[in-house]
file run14.txt (compact mmCIF, N, CA and C atoms)
# COMPACT_ATOMS: atom_id res chain seq x y z
N MET R 1 110.81 98.86 109.41
CA MET R 1 112.04 98.29 108.91
C MET R 1 112.80 99.27 108.05
N ILE R 2 112.39 100.50 108.04
CA ILE R 2 113.14 101.48 107.26
C ILE R 2 114.50 101.67 107.92
N GLY R 3 115.53 101.62 107.12
CA GLY R 3 116.88 101.75 107.64
C GLY R 3 117.59 100.42 107.70
N ILE R 4 116.86 99.32 107.56
CA ILE R 4 117.48 98.00 107.54
C ILE R 4 117.64 97.59 106.09
N TYR R 5 118.86 97.39 105.67
CA TYR R 5 119.12 97.05 104.28
C TYR R 5 119.41 95.56 104.18
N ASP R 6 118.41 94.83 103.80
CA ASP R 6 118.49 93.39 103.66
C ASP R 6 117.86 93.04 102.32
N TYR R 7 118.26 91.92 101.76
CA TYR R 7 117.72 91.58 100.44
C TYR R 7 116.23 91.30 100.48
N THR R 8 115.69 91.02 101.65
CA THR R 8 114.26 90.72 101.72
C THR R 8 113.37 91.95 101.64
N VAL R 9 113.91 93.13 101.86
CA VAL R 9 113.08 94.33 101.85
C VAL R 9 113.25 95.16 100.57
N ILE R 10 114.08 94.71 99.66
CA ILE R 10 114.29 95.46 98.42
C ILE R 10 112.99 95.55 97.62
N LEU R 11 112.27 94.43 97.50
CA LEU R 11 111.01 94.45 96.76
C LEU R 11 109.94 95.25 97.49
N THR R 12 110.00 95.28 98.81
CA THR R 12 109.05 96.08 99.58
C THR R 12 109.26 97.56 99.30
N TYR R 13 110.51 97.99 99.32
CA TYR R 13 110.81 99.39 99.03
C TYR R 13 110.47 99.74 97.58
N ALA R 14 110.76 98.83 96.65
CA ALA R 14 110.42 99.07 95.24
C ALA R 14 108.91 99.18 95.07
N ASN R 15 108.16 98.34 95.76
CA ASN R 15 106.71 98.40 95.72
C ASN R 15 106.21 99.75 96.21
N LEU R 16 106.77 100.22 97.31
CA LEU R 16 106.39 101.52 97.86
C LEU R 16 106.69 102.65 96.88
N ILE R 17 107.88 102.64 96.31
CA ILE R 17 108.28 103.70 95.39
C ILE R 17 107.42 103.69 94.13
N PHE R 18 107.25 102.50 93.52
CA PHE R 18 106.44 102.42 92.30
C PHE R 18 104.99 102.82 92.56
N GLY R 19 104.44 102.40 93.68
CA GLY R 19 103.05 102.73 93.99
C GLY R 19 102.83 104.22 94.21
N VAL R 20 103.70 104.84 94.99
CA VAL R 20 103.55 106.28 95.25
C VAL R 20 103.78 107.08 93.97
N MET R 21 104.81 106.70 93.20
CA MET R 21 105.04 107.41 91.94
C MET R 21 103.87 107.25 90.98
N GLY R 22 103.29 106.04 90.93
CA GLY R 22 102.15 105.81 90.05
C GLY R 22 100.95 106.65 90.44
N ILE R 23 100.72 106.79 91.74
CA ILE R 23 99.59 107.61 92.19
C ILE R 23 99.82 109.07 91.87
N PHE R 24 101.01 109.58 92.14
CA PHE R 24 101.28 110.99 91.86
C PHE R 24 101.28 111.30 90.36
N ILE R 25 101.78 110.38 89.55
CA ILE R 25 101.77 110.60 88.10
C ILE R 25 100.35 110.55 87.56
N SER R 26 99.48 109.78 88.19
CA SER R 26 98.09 109.76 87.73
C SER R 26 97.41 111.11 87.94
N PHE R 27 97.82 111.86 88.96
CA PHE R 27 97.26 113.20 89.17
C PHE R 27 97.65 114.17 88.07
N THR R 28 98.77 113.92 87.40
CA THR R 28 99.20 114.80 86.31
C THR R 28 98.44 114.51 85.02
N GLY R 29 97.75 113.37 84.98
CA GLY R 29 96.97 113.05 83.80
C GLY R 29 97.65 112.08 82.87
N ASN R 30 98.87 111.67 83.17
CA ASN R 30 99.58 110.73 82.33
C ASN R 30 99.25 109.31 82.79
N LEU R 31 98.12 108.81 82.34
CA LEU R 31 97.60 107.56 82.86
C LEU R 31 98.36 106.33 82.36
N SER R 32 99.00 106.41 81.19
CA SER R 32 99.73 105.24 80.70
C SER R 32 100.95 104.96 81.58
N TYR R 33 101.70 106.00 81.96
CA TYR R 33 102.85 105.80 82.85
C TYR R 33 102.38 105.40 84.25
N SER R 34 101.29 105.96 84.68
CA SER R 34 100.73 105.62 85.98
C SER R 34 100.33 104.15 86.02
N PHE R 35 99.69 103.68 84.98
CA PHE R 35 99.28 102.29 84.89
C PHE R 35 100.50 101.37 84.91
N LEU R 36 101.54 101.72 84.18
CA LEU R 36 102.75 100.93 84.14
C LEU R 36 103.40 100.85 85.52
N LEU R 37 103.49 101.97 86.22
CA LEU R 37 104.11 101.97 87.54
C LEU R 37 103.28 101.18 88.54
N LEU R 38 101.97 101.26 88.45
CA LEU R 38 101.13 100.50 89.37
C LEU R 38 101.18 99.00 89.08
N ILE R 39 101.34 98.63 87.82
CA ILE R 39 101.54 97.22 87.47
C ILE R 39 102.87 96.73 88.04
N LEU R 40 103.93 97.55 87.92
CA LEU R 40 105.23 97.18 88.50
C LEU R 40 105.14 97.05 90.03
N ALA R 41 104.37 97.91 90.67
CA ALA R 41 104.17 97.81 92.11
C ALA R 41 103.46 96.50 92.46
N GLY R 42 102.49 96.12 91.66
CA GLY R 42 101.79 94.86 91.89
C GLY R 42 102.68 93.65 91.71
N ILE R 43 103.56 93.69 90.71
CA ILE R 43 104.50 92.59 90.49
C ILE R 43 105.47 92.48 91.66
N CYS R 44 105.97 93.63 92.13
CA CYS R 44 106.86 93.61 93.30
C CYS R 44 106.14 93.06 94.52
N ASP R 45 104.89 93.42 94.68
CA ASP R 45 104.11 92.93 95.82
C ASP R 45 103.87 91.43 95.71
N MET R 46 103.69 90.95 94.49
CA MET R 46 103.43 89.54 94.29
C MET R 46 104.66 88.69 94.67
N PHE R 47 105.85 89.16 94.33
CA PHE R 47 107.05 88.39 94.61
C PHE R 47 107.68 88.73 95.96
N ASP R 48 107.17 89.72 96.65
CA ASP R 48 107.71 90.13 97.93
C ASP R 48 107.63 88.99 98.96
N GLY R 49 106.50 88.38 99.06
CA GLY R 49 106.33 87.29 100.01
C GLY R 49 107.16 86.07 99.67
N VAL R 50 107.32 85.81 98.37
CA VAL R 50 108.10 84.66 97.94
C VAL R 50 109.56 84.83 98.33
N VAL R 51 110.07 86.05 98.22
CA VAL R 51 111.47 86.31 98.55
C VAL R 51 111.69 86.35 100.06
N ALA R 52 110.76 86.93 100.80
CA ALA R 52 110.95 87.12 102.24
C ALA R 52 110.64 85.88 103.05
N LYS R 53 109.83 84.97 102.54
CA LYS R 53 109.41 83.83 103.34
C LYS R 53 110.57 82.91 103.74
N PRO R 54 111.50 82.58 102.86
CA PRO R 54 112.59 81.69 103.29
C PRO R 54 113.55 82.31 104.31
N LYS R 55 113.55 83.62 104.41
CA LYS R 55 114.45 84.29 105.36
C LYS R 55 113.98 83.98 106.77
N ARG R 56 114.84 83.39 107.54
CA ARG R 56 114.51 83.03 108.92
C ARG R 56 115.34 83.88 109.87
N ILE R 57 114.74 84.23 110.98
CA ILE R 57 115.42 84.99 112.01
C ILE R 57 115.35 84.19 113.31
N VAL R 58 116.48 84.06 113.96
CA VAL R 58 116.51 83.32 115.22
C VAL R 58 116.09 84.27 116.34
N HIS R 59 115.06 83.88 117.08
CA HIS R 59 114.53 84.69 118.18
C HIS R 59 114.48 83.79 119.40
N GLY R 60 115.44 83.94 120.29
CA GLY R 60 115.53 83.02 121.43
C GLY R 60 116.01 81.67 120.93
N LYS R 61 115.26 80.64 121.26
CA LYS R 61 115.61 79.30 120.79
C LYS R 61 114.75 78.87 119.61
N LYS R 62 113.77 79.67 119.26
CA LYS R 62 112.88 79.33 118.16
C LYS R 62 113.35 80.02 116.89
N ARG R 63 113.07 79.41 115.78
CA ARG R 63 113.28 80.06 114.49
C ARG R 63 111.92 80.53 114.00
N ILE R 64 111.81 81.79 113.70
CA ILE R 64 110.53 82.33 113.24
C ILE R 64 110.75 83.09 111.95
N THR R 65 109.70 83.25 111.20
CA THR R 65 109.80 83.96 109.93
C THR R 65 109.77 85.46 110.17
N VAL R 66 110.11 86.19 109.15
CA VAL R 66 110.11 87.65 109.23
C VAL R 66 108.71 88.16 109.51
N TYR R 67 107.68 87.54 108.93
CA TYR R 67 106.31 87.99 109.14
C TYR R 67 105.90 87.88 110.61
N LYS R 68 106.25 86.77 111.24
CA LYS R 68 105.90 86.60 112.64
C LYS R 68 106.65 87.59 113.52
N LEU R 69 107.90 87.89 113.15
CA LEU R 69 108.67 88.87 113.91
C LEU R 69 108.03 90.26 113.81
N ILE R 70 107.56 90.61 112.63
CA ILE R 70 106.90 91.91 112.46
C ILE R 70 105.62 91.95 113.30
N LEU R 71 104.88 90.85 113.32
CA LEU R 71 103.66 90.81 114.14
C LEU R 71 103.99 90.91 115.63
N LEU R 72 105.13 90.35 116.04
CA LEU R 72 105.54 90.48 117.44
C LEU R 72 105.90 91.92 117.79
N LEU R 73 106.46 92.64 116.83
CA LEU R 73 106.90 94.00 117.09
C LEU R 73 105.74 94.99 117.11
N ILE R 74 104.62 94.63 116.46
CA ILE R 74 103.49 95.54 116.38
C ILE R 74 102.68 95.54 117.63
call {"tool": "encode", "arguments": {"input": "run14.txt", "output": "structure tokens"}}
result
Amino acid sequence: MIGIYDYTVILTYANLIFGVMGIFISFTGNLSYSFLLLILAGICDMFDGVVAKPKRIVHGKKRITVYKLILLLI
């Protein structure tokens, strides 16, 4: 879904950015900032499903959720 700018993927992208930054900052030895970024990534992950679940996509005549559409694409 990279390249699709929808409100449902903002938290997913934020989760990715915070998680990767937290891991790389932990390698520098600054564990307090790393911990903060990983906590922010966890919060984004926690609310990601809540935000994306109500978003419905029409596929044919059925209405399916974003999660089912992703599973169909895989």
call {"tool": "residues_around", "arguments": {"input": "run14.txt", "residues": "stretch 5-16 of chain R", "least_positions_apart": "3", "cutoff": "5 Å", "atoms": "all atoms listed in the file", "output": "ChimeraX atom specification"}}
result
/R:19-20,41,52
call {"tool": "write_last_selection", "arguments": {"input": "run14.txt", "atoms": "N, CA and C atoms", "output": "compact mmCIF listing (two decimals), keeping the file's coordinate frame"}}
result
# COMPACT_ATOMS: atom_id res chain seq x y z
N GLY R 19 104.44 102.40 93.68
CA GLY R 19 103.05 102.73 93.99
C GLY R 19 102.83 104.22 94.21
N VAL R 20 103.70 104.84 94.99
CA VAL R 20 103.55 106.28 95.25
C VAL R 20 103.78 107.08 93.97
N ALA R 41 104.37 97.91 90.67
CA ALA R 41 104.17 97.81 92.11
C ALA R 41 103.46 96.50 92.46
N ALA R 52 110.76 86.93 100.80
CA ALA R 52 110.95 87.12 102.24
C ALA R 52 110.64 85.88 103.05
call {"tool": "axis_aligned_box", "arguments": {"input": "run14.txt", "around": "stretch 16-25 of chain R", "padding_each_side": "4 Å", "output": "lines of an AutoDock Vina configuration file"}}
result
center_x = 103.9
center_y = 105.8
center_z = 92.7
size_x = 16.7
size_y = 19.1
size_z = 18.3
call {"tool": "atom_distance", "arguments": {"input": "run14.txt", "atom1": "atom C of R:Leu31", "atom2": "atom N of R:Val51"}}
result
28.3 Å
call {"tool": "atom_distance", "arguments": {"input": "run14.txt", "atom1": "atom CA of R:Leu37", "atom2": "atom CA of R:Gly22"}}
result
5.0 Å
call {"tool": "atom_distance", "arguments": {"input": "run14.txt", "atom1": "atom C of R:Ile39", "atom2": "atom N of R:Phe24"}}
result
13.6 Å
